[in-house]
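Colleague: Take this structure, written in C-alpha cells, and hold onto it; I'll ask about it next.
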Amino acid sequence: MSQSLNFTTSPISKPFFHSKPYLPPSATPHLSLRFPKKPITASLSDLNSPSFSALVSQLSWSSSSDSTSIEVDSVTEAELKENGFRSTRRTKLICTIGPATCGFEQLEALAVGGMNVARINMCHGTREWHKMVIERVRRLNEDKGYAVAVMMDTEGSEIHMGDLGGAQSAKAEDGEIWTFTVRALDSPLPERTINVNYDGFAEDVKVGDELLVDGGMVRFDVIEKIGPDVKCRCTDPGLLLPRANLTFWRDGSLVRERNAMLPTISSKDWLDIDFGIAEGVDFIAISFVKSAEVINHLKSYIEARSRDCDVSVIAKIESIDSLKNLKEIIQASDGIMVARGDLGAQIPLEQVPSAQQEIVQLCRQLNKPVIVASQLLESMIEYPTPTRAEVADVSEAVRQRADALMLSGESAMGQFPDKALSVLRSVSLRIERWWRDEKRHESMELQDIASSFQDSISEEICNSAAKMANNLEVDALFVYTKTGHMASLLSRCRPDCPIFAFTTAPTVRRRLNLQWGLIPFRLNFSDDMESNLNRTFALLKARGMIKSGDLVIAVSDMLQSIQVMNVP
Ligand SMILES: Nc1ncnc2c1ncn2[C@@H]1O[C@H](COP(=O)(O)OP(=O)(O)OP(=O)(O)O)[C@@H](O)[C@H]1O
Ligand SMILES: CC(=O)C(=O)O
Ligand SMILES: [K+]
Ligand SMILES: [Mg+2]
C-alpha cells in the first residue's frame, strides 16, 4: 500500500498508488533477512568484536558501478544486517591520518571502525606522503567497498614552530629557558631551541609577553631578546609537538595585529589546494578563516579549475575574526569545523563551549554540516581508556547533534587510534539512542532558508516528510537526489529514523558521508519514481538491508512528492 502527497510544480506529475505488492523478478523473497531488533550494547568492545569485522569482510563487494547495481558502505550494510535501522550511527566520524594510521591495514581498521572521512593535515608530512595516503584510501574504497571521503586541511599562515629537527616531541619543564629563533638552523638543533616559521617573530614579541604553544598546552614568558633569538622561561610545562601553533599575549589579550596582515591562504596553501584538486579530495578545510571573502574567492577558484570535480570547502572557525563574521562565513562555505584547539588559544577557554553550541546551532539553521574537532579524547594519545570528562565532552557534541566528530592526534600519532575511534562510535550510538528513546531533543524551530520558490517547495517537503516519519514511526526515509540538496534538507531536520540517500554520482555520495543521519548509496535512477522505488526495494531486499513490511517515506528532487509505503 502506498499513499502519495504530491506538491507538483514540475512537468512530471504522475501520482502513483501501489494497490498490490510489486515483486520484481530479481527479488527472491527468501533472500531478505530478518533484522533482529536487539538493543545496541554500547561498549568499547563493540567495534573490535570479531563477529562484526567478519561480517564486514564477508559482504560480497563488487566494484562494478553498472546501471543495475547499488553501492553502499560495507560497514553500514553490516550494521543494518546486524541490528536493523535504529542501530545505524547518525553522527559521522573523521580521523586525522598520521604516522600511526597511514598503513593500508591501519586505514582499513579505521574504515571498519566507522571512519567516514580521512583527514590529512598539510602542516605535517610531505607531498609524497599525502599522495600515498589519498591513494590508499581510494584503493580501500575501490577494492573493499568503503566510501571514505578525503579531507585536506590547509596549513594557513599563522605562526608556528619548526619540525623539532625530526624529533617526535620535546618536553619543556617548569622554569627551563628555551630559545625561539627565526635563524635557519641545521638539524640537529641545539638543545632547547625551537625554530619559528615567521621572520617577523623576533621583532614583534616584547619582553614580558606570554607565549602559548598549541593553544596554551605549554606556556612561556618572554624574558630576553637577542637579535633573531627570543629567550623564554617555561611557566606551564608540557609536550612540544612538531609544528605546533604559537600565539603571543600581552596584558591579557592576544596580539593580533601581525596575524591580521598574513593572508588566510598562503602561497604554500595555494600549491596544496592545487594538489588537492588534482588528487580529487572531497573536502578542503581552510585554517584561520577571517571572513567570507576568502571562502568565496576559493570557491570560484575551484570552480574555474575543475568544472567537473566536486570539492567542498570547509571553513575552520578558530580565530576571533571568524567568530565576528560567523554567519557570513557559514553562508559562504559548504561546511564548518569548530577547531577548538586554536580557538581555545584565541578566546578564553571557558568561552569555547558556548561558542561551540552557537556555531553548531547556526550551522543547522543555515543547513551546513558542522564538525566538532580537537581534544575530544586527548588522553587516549597515551592511554587506552578515555577520561570520564572526555566521554562527557563527546556526549555533549552528540547531544548538540553536530554532524561529525573529529580525532586529531588520537588517530594521527596516538598509541590507540582504533580504540579512540571505537569510543567515539559507541558513545555516539548510546547517546543518540538515549535521546531518541526519551524524546529529549529540544525541538528547534527551523527558519526558512530557501532562496527561490522551487527551493521553498523542497524545504517544505523535507520538513513535512521528517515530521511524518517521526509521527508514523517509519523505519527509514528514502531520498533520491542528484545534487544531494534534498538529502541535506532531510538531515537538517534530524529525524528519528535513518535517511537512505540515493545519488548517481560517487562524489556526491562521498560528500554526503559528512552529514548527520545520511546513509549514502550510489544508484543509477531515472525520473520515473515508481520504477526507481521498485528497483531500490528489489536491490536492498536482495542484499538483506530491508524486508517486506518495512515502512518507508520517500521523497525526491525530480518529482516533488512525499510517498508513504510499506516495502512490498
Ligand atoms: N602527517 C603527519 N605526520 C606527522 N605527524 C602528524 C601528521 N598529522 C598529524 N600529526 C601529529 O598529530 C598531531 C595532531 O594533529 P592535528 O592534525 O590535529 O594537528 P595540529 O598540529 O594540532 O594542527 P591543526 O590546528 O592544523 O589541527 C600533530 O601535532 C602532529 O604531531
Ligand atoms: C583542528 C584545528 O585546526 C584546531 O583545533 O585548531
Ligand atoms: K591545519
Ligand atoms: Mg588549528
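Chain lettering (A, B, ...) mirrors the order of the C-alpha cells, residue numbering begins at 1 for each chain separately, and ligand numbering begins at 1 in order of display.
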Quick one: residues within 7 Å of ligand 3, with only C-alpha atoms and all ligand atoms, as a PyMOL selection string?
Modeller: chain A and resi 121-123+153-156+287
Colleague: Output the selection as a CSV table (one decimal), in the first residue's frame - N, CA and C atoms for each residue.
Modeller:
chain,number,residue,atom,x,y,z
A,121,ASN,N,46.5,16.6,7.2
A,121,ASN,CA,46.8,17.9,7.7
A,121,ASN,C,48.1,18.4,7.0
A,122,MET,N,48.0,19.4,6.1
A,122,MET,CA,49.1,19.8,5.3
A,122,MET,C,50.2,20.5,6.1
A,123,CYS,N,50.0,20.7,7.4
A,123,CYS,CA,51.0,21.2,8.3
A,123,CYS,C,52.1,20.2,8.4
A,153,ASP,N,43.4,19.5,4.9
A,153,ASP,CA,43.3,20.7,5.8
A,153,ASP,C,44.6,21.5,5.6
A,154,THR,N,44.3,22.8,5.2
A,154,THR,CA,45.5,23.6,4.9
A,154,THR,C,46.3,24.1,6.1
A,155,GLU,N,47.5,24.4,5.8
A,155,GLU,CA,48.4,24.9,6.9
A,155,GLU,C,48.0,26.3,7.4
A,156,GLY,N,47.6,27.1,6.5
A,156,GLY,CA,47.3,28.5,6.9
A,156,GLY,C,48.6,29.3,7.2
A,287,SER,N,42.2,26.8,7.2
A,287,SER,CA,42.5,27.2,8.5
A,287,SER,C,42.5,28.7,8.7
Colleague: Please find the residues contacting ligand 2 at a distance of at most 12 Å between atoms, with only C-alpha atoms and all ligand atoms counted, and report them as number ranges by chain.
Modeller: A: 94-96, 119-123, 151-156, 158, 160, 213-216, 244-246, 285-289, 314-319, 336-346, 352, 356, 371-376, 378, 405-409
Colleague: Need the shell around A:Glu279: protein/DNA/RNA residues with any atom at most 8 Å away, counting only C-alpha atoms. Skip same-chain ones fewer than 4 positions apart. Format as a list in words?
Modeller: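 Neighbouring residues, sequence-local ones excluded: Lys131, Ile134 and Phe275 of chain A.
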Colleague: Could those selected residues go to a file with all heavy atoms, as a JSON list (two decimals), in the first residue's frame?
Modeller:
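Okay, this is what ended up in result-v1.json:
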[["chain", "number", "residue", "atom", "x", "y", "z"],
["A", 131, "LYS", "N", 50.04, 12.06, -0.88],
["A", 131, "LYS", "CA", 49.57, 11.40, -2.10],
["A", 131, "LYS", "C", 49.37, 9.90, -1.83],
["A", 131, "LYS", "O", 48.37, 9.32, -2.24],
["A", 131, "LYS", "CB", 50.63, 11.60, -3.19],
["A", 131, "LYS", "CG", 50.13, 11.39, -4.61],
["A", 131, "LYS", "CD", 51.24, 11.85, -5.57],
["A", 131, "LYS", "CE", 51.10, 11.21, -6.93],
["A", 131, "LYS", "NZ", 49.90, 11.57, -7.65],
["A", 134, "ILE", "N", 46.17, 9.35, 0.22],
["A", 134, "ILE", "CA", 44.96, 9.51, -0.61],
["A", 134, "ILE", "C", 44.78, 8.28, -1.49],
["A", 134, "ILE", "O", 43.68, 7.73, -1.60],
["A", 134, "ILE", "CB", 45.04, 10.79, -1.47],
["A", 134, "ILE", "CG1", 45.08, 12.03, -0.57],
["A", 134, "ILE", "CG2", 43.86, 10.87, -2.43],
["A", 134, "ILE", "CD1", 45.37, 13.33, -1.31],
["A", 275, "PHE", "N", 47.14, 20.81, -5.50],
["A", 275, "PHE", "CA", 47.41, 19.39, -5.32],
["A", 275, "PHE", "C", 46.11, 18.65, -4.93],
["A", 275, "PHE", "O", 45.77, 17.62, -5.51],
["A", 275, "PHE", "CB", 48.48, 19.23, -4.23],
["A", 275, "PHE", "CG", 48.61, 17.86, -3.65],
["A", 275, "PHE", "CD1", 49.27, 16.84, -4.34],
["A", 275, "PHE", "CD2", 48.08, 17.56, -2.38],
["A", 275, "PHE", "CE1", 49.39, 15.56, -3.80],
["A", 275, "PHE", "CE2", 48.20, 16.29, -1.83],
["A", 275, "PHE", "CZ", 48.86, 15.29, -2.55]]
Colleague: Run DSSP on the backbone and give me the residues of stretch 308-496 of chain A it puts in strand (DSSP E), as a ChimeraX atom specification.
Modeller: /A:312-317,335-339,370-373,404-407,476-480
Colleague: Using only C-alpha atoms, determine which residues lie at most 8 Å from A:Phe104, disregarding the query and same-chain residues fewer than 2 positions distant; provide the list as a ChimeraX atom specification.
Modeller: /A:102,106-108,136-137,140
Colleague: Of the residues A:Asp393, A:Thr247, A:Arg127, A:Lys225, which is the one nearest to ligand 4, using only C-alpha atoms and all ligand atoms?
Modeller: A:Thr247
